[in-house]
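Okay, so here's the structure we're looking at.
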Amino acid sequence: MGGATGSKRVPRAVREQQMLDAGVRAFARSGYQNASMDDIAELAGVSKPLVYLYLNSKEELFTACIRREAAALVTAVRAAVERDAPADRQLWSGLSGFFAHAAEHPEGWTLLHVQARTHGQPYAREVAAMRAEIVEFVTQLIGAAAREHARGTARARTLAGTEVSGLAHALVGAAESLADWAGDGRAGGHSAKEAAATLMNFAWAGLGNLLQGTGWSPDRVG
């Protein structure tokens with residue numbers, strides 16, 4: 001009886017976040033199929049009927065977890081960008097924010113990058129929407145870098161919109177792969193800033209060459 005009374009004193013918003021925390025942990029560790037509402041209720045320190053009362057079903061709980069973790073990742077990337085810095089510094093700081101968030105929230109990253117993508121279209125669409133938002137943000141940063149470079153160098157050219165979009169998709173895909181690599185322990189203790197620098201070294205020099213008109217061409221091979 002005392003436990004039930006205690007649970008009523010917890011504000012609904014706080015209790016719901018506890019349930020989402022438990023859901024993220026259970027889904028990331030056990031997978032959607034194997035994570036049970038009993039397990040989630042136990043992790044949250046509440047009764048199973050209360051989980052159903054707040055979030056209706058396992059499917060709705062899973063969706064709510066995905067949406068929360070996706071929003072948190074996008075917010076972290078945007079917040080990390082050094083707004084008044086040169087374009088390359090803005091991109092590097094955004095990437096640093098991405099890698100830091102993925103490292104600090106490994107279960108949330110697993111939920112987004114593994115579980116949500118492998119359990120049906122509704123969940124995959126949630127992650128795709130998040131990814132599209134990040135890609136659009138990176139597209140804006142690369143476009144700003146191209147304009148900045150074009151103003152500073154007579155030889156520089158302005159990238160076409162399709163080139164900027166393609167580069168943004170490639171960069172985000174590489175960041176996701178690098179985050180997986182770091183999360184698996186293969187990074188040898190790489191920090192978020194070091195991971196971002198690795199990706200910048202891979203991408204930024206090539207972007208610079210492209211802007212200078214010395215991009216790679218298959219005509220140069222053979």
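Each chain of the structure tokens is named A, B, ... in the order shown, its residues numbered from 1; ligands are numbered from 1 in display order.
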**OP:** If you run DSSP over the backbone, which residues in chain A end up helix (DSSP H, G or I)? Put them as a PyMOL selection string.
**Re:** chain A and resi 2-9+12-30+37-44+48-55+58-80+87-104+106-118+121-152+161-183+192-211+218-220
Original post:
Near Phe202 (chain A), within 10 Å and counting only C-alpha atoms, which residues show up once chain neighbours fewer than 6 positions away are dropped, as a list of chain:residue names?
Top reply: A:Leu171, A:Ala174, A:Ala196
Find the spatial neighbours of Ser165 (chain A), counting only C-alpha atoms, within a cut-off of 8 Å - ignore same-chain residues fewer than 5 positions away - and output them as a PDB file with C-alpha atoms, in the first residue's frame.
ATOM      1  CA  VAL A 135      21.601  15.607 -43.191  1.00  0.00           C
ATOM      2  CA  GLU A 136      19.798  18.885 -43.915  1.00  0.00           C
ATOM      3  CA  THR A 139      24.021  20.278 -45.977  1.00  0.00           C
TER       4      THR A 139
END
**OP:** With a distance cut-off of 12 Å and only C-alpha atoms, select the neighbouring residues of Arg125 (chain A), excluding the residue or stretch itself and same-chain residues fewer than 4 positions from it, and output the selection as a ChimeraX atom specification.
**Re:** /A:63,66-67,70,112,116-121,129-132
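The closest residue to His105 (chain A), picked from A:Ala76, A:Val46, A:Val127, A:Ala144 and counting only C-alpha atoms, is A:Ala76.
Of the residues under consideration (A:Ala146, A:Val172, A:Ala41, A:Ala22), A:Val172 shows the shortest atom-to-atom contact distance to Met200 (chain A) when counting only C-alpha atoms.
Closest to Glu60 (chain A) among A:Ala103, A:Met37, A:Ala145, A:Val10 is A:Met37, based on only C-alpha atoms.
Picture a line from CA of Val114 (chain A) to CA of Gly166 (chain A); it runs 23.4 Å.
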**OP:** Provide the CA of Val138 (chain A) to CA of Glu107 (chain A) distance in Å, to one decimal place.
**Re:** 24.2 Å
**OP:** One decimal, Å: what's the distance from CA of Thr110 (chain A) over to CA of Ala79 (chain A), could you say?
**Re:** 21.6 Å
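Contact shell of Glu42 (chain A) at 12 Å (only C-alpha atoms; same-chain neighbours under 3 positions omitted): A:Gln18, A:Met19, A:Asp21, A:Ala22, A:Gly23, A:Arg25, A:Ala26, A:Ala35, A:Ser36, A:Met37, A:Asp38, A:Asp39, A:Gly45, A:Val46, A:Ser47, A:Lys48, A:Pro49, A:Leu50, A:Val51.
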Can I get the selected residues back with all heavy atoms, as a tab-separated table (two decimals), in the first residue's frame?
chain	number	residue	atom	x	y	z
A	18	GLN	N	10.94	8.00	-16.53
A	18	GLN	CA	11.53	6.81	-15.92
A	18	GLN	C	11.17	5.57	-16.73
A	18	GLN	O	12.01	4.68	-16.93
A	18	GLN	CB	11.05	6.67	-14.48
A	18	GLN	CG	11.58	7.73	-13.54
A	18	GLN	CD	10.93	7.69	-12.17
A	18	GLN	OE1	9.89	7.06	-11.98
A	18	GLN	NE2	11.56	8.34	-11.19
A	19	MET	N	9.95	5.51	-17.20
A	19	MET	CA	9.53	4.38	-18.02
A	19	MET	C	10.27	4.37	-19.37
A	19	MET	O	10.66	3.31	-19.86
A	19	MET	CB	8.02	4.43	-18.25
A	19	MET	CG	7.20	4.22	-17.00
A	19	MET	SD	5.42	4.39	-17.33
A	19	MET	CE	4.77	4.36	-15.67
A	21	ASP	N	13.24	5.69	-19.89
A	21	ASP	CA	14.62	5.28	-19.57
A	21	ASP	C	14.72	3.76	-19.51
A	21	ASP	O	15.64	3.15	-20.07
A	21	ASP	CB	15.05	5.86	-18.21
A	21	ASP	CG	15.28	7.36	-18.25
A	21	ASP	OD1	15.46	7.91	-19.35
A	21	ASP	OD2	15.26	7.98	-17.17
A	22	ALA	N	13.76	3.15	-18.82
A	22	ALA	CA	13.75	1.69	-18.68
A	22	ALA	C	13.52	1.03	-20.03
A	22	ALA	O	14.15	0.01	-20.34
A	22	ALA	CB	12.67	1.27	-17.69
A	23	GLY	N	12.65	1.60	-20.84
A	23	GLY	CA	12.39	1.04	-22.16
A	23	GLY	C	13.61	1.08	-23.05
A	23	GLY	O	13.95	0.10	-23.72
A	25	ARG	N	16.71	1.14	-22.14
A	25	ARG	CA	17.68	0.17	-21.63
A	25	ARG	C	17.30	-1.26	-22.02
A	25	ARG	O	18.14	-2.03	-22.51
A	25	ARG	CB	17.75	0.30	-20.10
A	25	ARG	CG	18.93	-0.43	-19.46
A	25	ARG	CD	19.00	-0.13	-17.97
A	25	ARG	NE	18.95	1.31	-17.72
A	25	ARG	CZ	18.06	1.89	-16.91
A	25	ARG	NH1	17.15	1.17	-16.27
A	25	ARG	NH2	18.07	3.18	-16.74
A	26	ALA	N	16.04	-1.59	-21.84
A	26	ALA	CA	15.60	-2.96	-22.14
A	26	ALA	C	15.65	-3.27	-23.63
A	26	ALA	O	16.12	-4.34	-24.05
A	26	ALA	CB	14.18	-3.17	-21.60
A	35	ALA	N	12.52	-8.00	-25.14
A	35	ALA	CA	12.26	-7.12	-24.00
A	35	ALA	C	10.78	-7.22	-23.63
A	35	ALA	O	9.91	-7.01	-24.47
A	35	ALA	CB	12.63	-5.68	-24.37
A	36	SER	N	10.50	-7.55	-22.39
A	36	SER	CA	9.11	-7.70	-21.96
A	36	SER	C	8.65	-6.49	-21.16
A	36	SER	O	9.47	-5.76	-20.57
A	36	SER	CB	8.95	-8.95	-21.11
A	36	SER	OG	9.55	-8.77	-19.84
A	37	MET	N	7.36	-6.27	-21.13
A	37	MET	CA	6.81	-5.17	-20.34
A	37	MET	C	7.04	-5.42	-18.85
A	37	MET	O	7.16	-4.48	-18.06
A	37	MET	CB	5.33	-5.00	-20.65
A	37	MET	CG	5.06	-4.52	-22.07
A	37	MET	SD	5.72	-2.87	-22.40
A	37	MET	CE	4.27	-1.85	-22.04
A	38	ASP	N	7.12	-6.69	-18.46
A	38	ASP	CA	7.46	-7.00	-17.06
A	38	ASP	C	8.86	-6.49	-16.73
A	38	ASP	O	9.08	-5.90	-15.68
A	38	ASP	CB	7.39	-8.51	-16.83
A	38	ASP	CG	5.97	-9.04	-16.80
A	38	ASP	OD1	5.18	-8.54	-15.99
A	38	ASP	OD2	5.64	-9.92	-17.61
A	39	ASP	N	9.81	-6.76	-17.64
A	39	ASP	CA	11.19	-6.31	-17.43
A	39	ASP	C	11.24	-4.78	-17.34
A	39	ASP	O	11.93	-4.21	-16.48
A	39	ASP	CB	12.08	-6.76	-18.59
A	39	ASP	CG	12.22	-8.28	-18.66
A	39	ASP	OD1	12.06	-8.94	-17.61
A	39	ASP	OD2	12.49	-8.79	-19.76
A	45	GLY	N	10.72	0.54	-11.82
A	45	GLY	CA	10.27	0.55	-10.44
A	45	GLY	C	8.79	0.81	-10.29
A	45	GLY	O	8.34	1.40	-9.30
A	46	VAL	N	8.01	0.35	-11.28
A	46	VAL	CA	6.55	0.54	-11.25
A	46	VAL	C	5.88	-0.78	-11.58
A	46	VAL	O	6.53	-1.76	-11.95
A	46	VAL	CB	6.11	1.64	-12.25
A	46	VAL	CG1	6.76	2.97	-11.92
A	46	VAL	CG2	6.41	1.23	-13.69
A	47	SER	N	4.56	-0.79	-11.51
A	47	SER	CA	3.81	-1.98	-11.89
A	47	SER	C	3.59	-2.01	-13.40
A	47	SER	O	3.57	-0.97	-14.06
A	47	SER	CB	2.45	-2.00	-11.18
A	47	SER	OG	1.63	-0.94	-11.66
A	48	LYS	N	3.42	-3.21	-13.95
A	48	LYS	CA	3.16	-3.33	-15.37
A	48	LYS	C	1.88	-2.62	-15.79
A	48	LYS	O	1.86	-1.94	-16.83
A	48	LYS	CB	3.14	-4.80	-15.80
A	48	LYS	CG	3.00	-4.95	-17.32
A	48	LYS	CD	3.32	-6.37	-17.78
A	48	LYS	CE	2.25	-7.36	-17.41
A	48	LYS	NZ	2.42	-8.66	-18.09
A	49	PRO	N	0.79	-2.73	-15.00
A	49	PRO	CA	-0.42	-1.99	-15.39
A	49	PRO	C	-0.20	-0.48	-15.50
A	49	PRO	O	-0.81	0.18	-16.35
A	49	PRO	CB	-1.40	-2.32	-14.26
A	49	PRO	CG	-0.97	-3.66	-13.77
A	49	PRO	CD	0.53	-3.62	-13.85
A	50	LEU	N	0.72	0.06	-14.68
A	50	LEU	CA	0.98	1.50	-14.76
A	50	LEU	C	1.69	1.85	-16.07
A	50	LEU	O	1.41	2.90	-16.67
A	50	LEU	CB	1.82	1.96	-13.57
A	50	LEU	CG	1.96	3.47	-13.38
A	50	LEU	CD1	0.60	4.12	-13.17
A	50	LEU	CD2	2.90	3.79	-12.22
A	51	VAL	N	2.57	0.97	-16.52
A	51	VAL	CA	3.23	1.21	-17.82
A	51	VAL	C	2.19	1.23	-18.92
A	51	VAL	O	2.20	2.12	-19.80
A	51	VAL	CB	4.30	0.12	-18.10
A	51	VAL	CG1	4.95	0.37	-19.46
A	51	VAL	CG2	5.37	0.10	-17.02
**OP:** Quick one: everything within 12 Å of region 83-94 of chain A, counting only C-alpha atoms, minus sequence neighbours fewer than 5 positions away in the same chain. Send it as a ChimeraX atom specification.
**Re:** /A:73-78,99-101,134-135,137-149,168,171-172,175,192-205,207-208
**OP:** Considering only C-alpha atoms, return as a ChimeraX atom specification whatever protein or nucleic-acid residues lie within 7 Å of Gln115 (chain A), sequence-local ones (same chain, fewer than 6 positions apart) excluded.
**Re:** /A:28,31-32
